[in-house]
Structure formats: C-alpha cells, structure tokens
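The block underneath contains the structure these notes are about, expressed in structure tokens.
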Amino acid sequence: MPKLVKFSRLLSVLPLLFLAGCNMVVMAPSGDIAVQQRDLIVISTVLMLLIIIPVIFLTLFFAWRYRRSNTAATYAPEWHHSTRLEIVIWAAPLAIIIALGAVTWISTHKLDPYRPLDRLDAARAIPADTKPLNVEVVALDWKWLFFYPELGIATVNELAAPVDMPINFKITASSVMNSFYIPALAGQIYAMPGMETKLHAVINRQGEYEGFSANYSGSGFSHMRFKFHGLDQAGFDAWVAQVKQQGTMLNRDAYLKLEKPSEKEPVRYYAGADADLYNAILNMCAAPGKMCMNEMMHIDMMGGGGKESAENREKLRYDDRHADEGIVAPAATVPATGAPARSEPEQTDGNSMQHDMPGMDMQHEGHSMPGTDNGANPAPAQLNSNN
C-alpha cells in the first residue's frame with residue numbers, strides 16, 4: 001500500500017511539473033492533516049485516471065484502427081450488442097465510483113476539522129500526557145489576530161507552535177466572512193462574524209510557512225497574509241518570551257483601534273490581552289454599549305422582551321459601527337451606508353419579483369417571512385424597527 005501511494009503521488013504530481021510558477025506546498029506539506037488531505041487528492045486522482053486513461057487511449061486507437069483507408073479492419077454494420085462488452089463498460093466505472101464513495105465517506109469523518117487529533121503522524125500516536133496548544137483566531141480587515149489564552153499573549157500577523165504538538169484552533173471574524181488557510185498545516189476553514197469554527201492540526205517539521213486568507217474580503221485581501229513558525233519546544237519558549245518582552249497590552253481600546261480596516265499591517269506583539277476579549281469579539285460586543293449576541297439569544301429564548309425592549313435596537317447596530325468616524329466598508333453601498341453604487345443598477349420592473357415568485361408575501365414593515373400570514377409571525381421584538 002505505501003508503494004502504491006508513493007507511485008500514485010508521483011503520477012499525479014507529474015502533470016503539475018509543467019506549471020513552473022506554481023507553489024507545490026499542497027503536494028508537499030509539513031503537517032499530518034495536510035499530508036492526509038494530499039493523499040486523498042492523490043488517491044482520488046489515480047482512481048479517476050484508471051478510467052480516463054483507457055478511454056482516451058481507446059478513443060485514439062479506434063480512430064486509427066477503423067480509419068477509412070484501413071480496408072483490413074473488421075466491418076460489421078449489423079452488430080449492435082455484446083453482453084461481455086456491456087459488463088466491462090458498466091462494471092469498471094461502477095467499481096471506481098464505489099471506491100471513490102468509500103474513500104470519501106472515510107475521509108469525511110476522519111478529516112473532519114472539528115474532530116480532535118488521534119495521531120501525530122502515520123507512525124506515532126499522541127502521547128497520553130500531551131496537552132494541546134489552544135489558539136483563538138480572529139480575521140480582521142485586513143490582518144489576522146491570534147490569542148494564546150493559556151499563555152496570556154496575542155499577536156498580529158504572526159503565529160507559532162511547537163513541532164509535534166496538537167493545535168486546537170477556534171476561529172471567528174470581526175466583520176466579513178474570511179477563510180483561514182495554512183497550506184502546509186491543514187485545509188482552509190471559514191472565519192465568520194458571530195460564529196465560531198474549529199480546526200485541529202499539528203505541524204511535524206520545523207520551518208517558516210505562509211498563511212493567508214483564501215476568501216475575498218475587500219480591497220486589502222491580497223495583503224492579508226501572515227507567517228506561521230514551526231519551532232522546537234525551546235524555540236517556541238523563546239518566541240513566547242520575546243512576545244512578552246516586546247509586546248504591549250491589548251485591551252478593548254487598543255483592539256478597537258486595531259480593528260479598523262488597514263492594509264499591510266506589520267507584525268505586532270501583545271504581552272497581555274483582556275481575558276474576555278475573544279468572546280466579546282465572537283459575540284459582536286467588543287465596542288462599548290453593544291449588546292452581546294449571546295445575551296440577545298437568551299432574550300429570544302425567553303420569548304423576547306416586548307415593546308419595552310425597543311431600546312435594544314441601537315445596541316444591536318453593528319455593521320455601521322465606524323460610519324460616524326468616516327470609515328465605510330469598501331463594498332458597502334446604499335441604502336446601508338448612503339454611499340453611491342459603483343455602477344448603474346439594472347432597470348427592472350418593480351413587480352417582477354412578485355410575478356416571478358407567485359404566492360410570495362413580502363411585508364416590509366412587519367418583516368414577515370415567505371409563507372407567513374401577513375406578518376402573523378413577526379421578527380423578535382428587539383429586532384422589529386416598528387416597536
């Protein structure tokens with residue numbers, strides 16, 4: 001089996017060698033999760049080539065063998081069926097589909113990013129006394145903020161971890177959807193505001209690796225990159241000491257300044273960070289006077305606050321939090337911000353939506369959902385602008 005994987009890996013990489021400018025890190029990673037994902041790509045490619053290569057070869061062979069000038073070729077105009085040929089034609093693709101389905105089923109569960117690691121690499125299990133490194137990741141506009149909660153430090157655009165130590169990532173975003181990706185470590189994981197995604201991974205070789213955003217998020221997206229350092233334990237301890245020695249304090253005020261959109265942000269160290277800052281970012285209440293999302297969810301769970309909770313509306317306004325400072329998201333236009341559209345909108349019939357979607361009942365004032373009875377099931381009180 002190892003020989004088959006090695007041969008199939010070489011077979012799949014061969015066509016890529018013609019792409020001289022490509023970075024081959026995905027096919028030569030340094031973390032066990034990324035290695036398993038690489039092997040999945042190789043196995044899937046080889047399984048598909050098992051049918052693609054013969055089909056291409058036979059297509060060319062038949063075109064040459066039965067060309068018009070070849071009078072020696074068999075001519076059978078009445079032939080229409082062969083049970084043996086039908087079995088071959090259908091059995092081979094079916095077997096490949098079954099194999100691909102089995103590989104997909106196993107890999108989907110084994111490589112689930114939410115699943116804790118069960119090994120350091122193919123030859124080593126995780127020692128029983130190993131304590132994982134917890135890292136909290138926040139995608140900002142347009143930089144990355146990393147919290148190390150057990151160590152009490154934070155960094156911007158630089159990440160480090162010891163070799164052969166499991167890493168538990170918790171990932172969120174401050175404003176727009178992003179994607180956290182270190183190709184040498186593991187596959188990309190989305191970072192979304194108000195939500196937390198997870199990733200479990202391990203780096204097996206020392207080195208400096210590139211991390212970046214793999215999801216377009218605005219004008220500074222191209223420079224939203226960071227360095228990930230795989231270090232031995234002594235090197236990691238020295239890096240932590242450097243952060244604590246050179247870093248400043250990351251409190252709410254410092255975070256709100258850091259959160260503002262900026263490009264090509266340099267590496268920053270924070271020797272200390274507010275203990276609840278990550279949870280405040282996750283719950284979208286880092287700014288003063290904002291209601292935390294978990295508090296709002298609790299109110300909804302209890303049945304809402306009624307009309308007297310109309311004052312909560314201001315506490316829940318979040319996307320325009322920098323508008324009073326003259327900072328507007330580059331993609332935002334009217335009516336959310338009052339900024340003019342970058343191109344002329346298409347002229348459409350105002351009733352086209354109703355014509356195209358019969359039965360759709362859209363009540364602007366009541367915020368009723370499709371299929372509800374004229375606002376009979378209105379939005380929660382604290383979100384209803386009429387309350």
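Each chain of the structure tokens is named A, B, ... in the order shown, its residues numbered from 1; ligands are numbered from 1 in display order.
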How would you write, as a PyMOL selection string, the set of residues in segment 245-315 of chain A that DSSP gives as helix (DSSP H, G or I)?
chain A and resi 245-246+252-259+277-282+293-301+307-315
Can you tell me which residues surround Met177 of chain A at a distance of at most 9 Å, considering only C-alpha atoms, apart from same-chain residues fewer than 3 positions away, and format the answer as a ChimeraX atom specification?
/A:139,172-174,190-193,215-217
Keeping only N, CA, C and O atoms, write the selected residues to a file as a PDB file, in the first residue's frame.
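The resulting file, out12.pdb, is reproduced below:
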```pdb
ATOM      1  N   ALA A 139     -10.224  36.998  12.227  1.00  0.00           N
ATOM      2  CA  ALA A 139      -9.953  37.627  10.935  1.00  0.00           C
ATOM      3  C   ALA A 139     -10.447  39.068  10.987  1.00  0.00           C
ATOM      4  O   ALA A 139     -11.640  39.322  11.157  1.00  0.00           O
ATOM      5  N   THR A 172     -12.936  32.913  14.287  1.00  0.00           N
ATOM      6  CA  THR A 172     -14.073  33.792  14.032  1.00  0.00           C
ATOM      7  C   THR A 172     -13.586  34.994  13.230  1.00  0.00           C
ATOM      8  O   THR A 172     -12.418  35.067  12.844  1.00  0.00           O
ATOM      9  N   ALA A 173     -14.478  35.937  12.961  1.00  0.00           N
ATOM     10  CA  ALA A 173     -14.138  37.142  12.198  1.00  0.00           C
ATOM     11  C   ALA A 173     -14.813  38.332  12.848  1.00  0.00           C
ATOM     12  O   ALA A 173     -15.811  38.194  13.570  1.00  0.00           O
ATOM     13  N   SER A 174     -14.286  39.517  12.580  1.00  0.00           N
ATOM     14  CA  SER A 174     -14.837  40.728  13.188  1.00  0.00           C
ATOM     15  C   SER A 174     -15.918  41.373  12.338  1.00  0.00           C
ATOM     16  O   SER A 174     -16.827  42.004  12.863  1.00  0.00           O
ATOM     17  N   TYR A 190     -13.377  28.391   7.155  1.00  0.00           N
ATOM     18  CA  TYR A 190     -14.001  29.708   7.084  1.00  0.00           C
ATOM     19  C   TYR A 190     -14.022  30.396   8.446  1.00  0.00           C
ATOM     20  O   TYR A 190     -14.185  29.757   9.488  1.00  0.00           O
ATOM     21  N   ALA A 191     -13.853  31.714   8.396  1.00  0.00           N
ATOM     22  CA  ALA A 191     -13.971  32.571   9.575  1.00  0.00           C
ATOM     23  C   ALA A 191     -15.149  33.511   9.342  1.00  0.00           C
ATOM     24  O   ALA A 191     -15.146  34.274   8.371  1.00  0.00           O
ATOM     25  N   MET A 192     -16.162  33.439  10.219  1.00  0.00           N
ATOM     26  CA  MET A 192     -17.398  34.183  10.002  1.00  0.00           C
ATOM     27  C   MET A 192     -17.768  34.978  11.242  1.00  0.00           C
ATOM     28  O   MET A 192     -17.621  34.482  12.368  1.00  0.00           O
ATOM     29  N   PRO A 193     -18.211  36.208  11.081  1.00  0.00           N
ATOM     30  CA  PRO A 193     -18.586  37.028  12.235  1.00  0.00           C
ATOM     31  C   PRO A 193     -19.780  36.432  12.975  1.00  0.00           C
ATOM     32  O   PRO A 193     -20.715  35.925  12.361  1.00  0.00           O
ATOM     33  N   ASN A 215     -10.361  33.647   1.040  1.00  0.00           N
ATOM     34  CA  ASN A 215     -11.710  34.077   0.662  1.00  0.00           C
ATOM     35  C   ASN A 215     -11.716  35.595   0.494  1.00  0.00           C
ATOM     36  O   ASN A 215     -11.369  36.316   1.424  1.00  0.00           O
ATOM     37  N   TYR A 216     -12.093  36.066  -0.684  1.00  0.00           N
ATOM     38  CA  TYR A 216     -12.037  37.507  -0.961  1.00  0.00           C
ATOM     39  C   TYR A 216     -12.869  38.282   0.053  1.00  0.00           C
ATOM     40  O   TYR A 216     -14.025  37.955   0.308  1.00  0.00           O
ATOM     41  N   SER A 217     -12.270  39.329   0.618  1.00  0.00           N
ATOM     42  CA  SER A 217     -12.940  40.085   1.676  1.00  0.00           C
ATOM     43  C   SER A 217     -12.742  41.588   1.540  1.00  0.00           C
ATOM     44  O   SER A 217     -12.827  42.307   2.531  1.00  0.00           O
TER      45      SER A 217
END
```
Could you pull out the strand (DSSP E) residues of segment 26-253 of chain A, going by DSSP on the backbone, and write them as a ChimeraX atom specification?
/A:119-121,124-125,133-140,143-148,153-156,158-162,167-173,178-182,186-191,197-201,207-213,225-231,248-250
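Once Gly230 of chain A and its same-chain neighbours fewer than 5 positions away are set aside, Leu159, Ala160, Ala161, Pro162, Val163, Ile203, Asn204, Arg205, Gln206, Gly207, Glu208, Tyr209, Gly235 and Phe236 of chain A remain within 9 Å of it when counting only C-alpha atoms.
Of the residues listed (A:Arg38, A:Lys244, A:Arg124, A:Arg252), A:Lys244 shows the shortest atom-to-atom separation from Tyr270 of chain A; distances use only C-alpha atoms.
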Kindly assemble as a tab-separated table a list of the segment 104-200 of chain A residues that lie within 10 Å of segment 275-294 of chain A, each paired with its nearest atom pair and their distance in Å to one decimal, using only C-alpha atoms, sorted first by chain and then by ascending residue number.
```
residue	atom	partner	partner_atom	distance
A:Glu136	CA	A:Tyr278	CA	7.3
A:Val137	CA	A:Tyr278	CA	8.5
A:Val138	CA	A:Tyr278	CA	8.0
A:Leu145	CA	A:Tyr278	CA	9.9
A:Phe146	CA	A:Tyr278	CA	9.5
A:Phe147	CA	A:Tyr278	CA	7.6
A:Pro149	CA	A:Ala275	CA	7.4
A:Glu150	CA	A:Ala275	CA	9.8
A:Gly152	CA	A:Ala275	CA	7.8
A:Ile153	CA	A:Ala275	CA	9.9
A:Lys170	CA	A:Tyr278	CA	9.8
A:Ile171	CA	A:Leu282	CA	9.0
A:Thr172	CA	A:Leu282	CA	6.3
A:Ala173	CA	A:Leu282	CA	7.4
A:Ser174	CA	A:Ile281	CA	6.4
A:Ser175	CA	A:Met284	CA	8.9
A:Met192	CA	A:Leu282	CA	9.2
A:Pro193	CA	A:Leu282	CA	6.8
A:Gly194	CA	A:Leu282	CA	5.2
A:Met195	CA	A:Leu282	CA	6.5
A:Glu196	CA	A:Leu282	CA	7.1
```
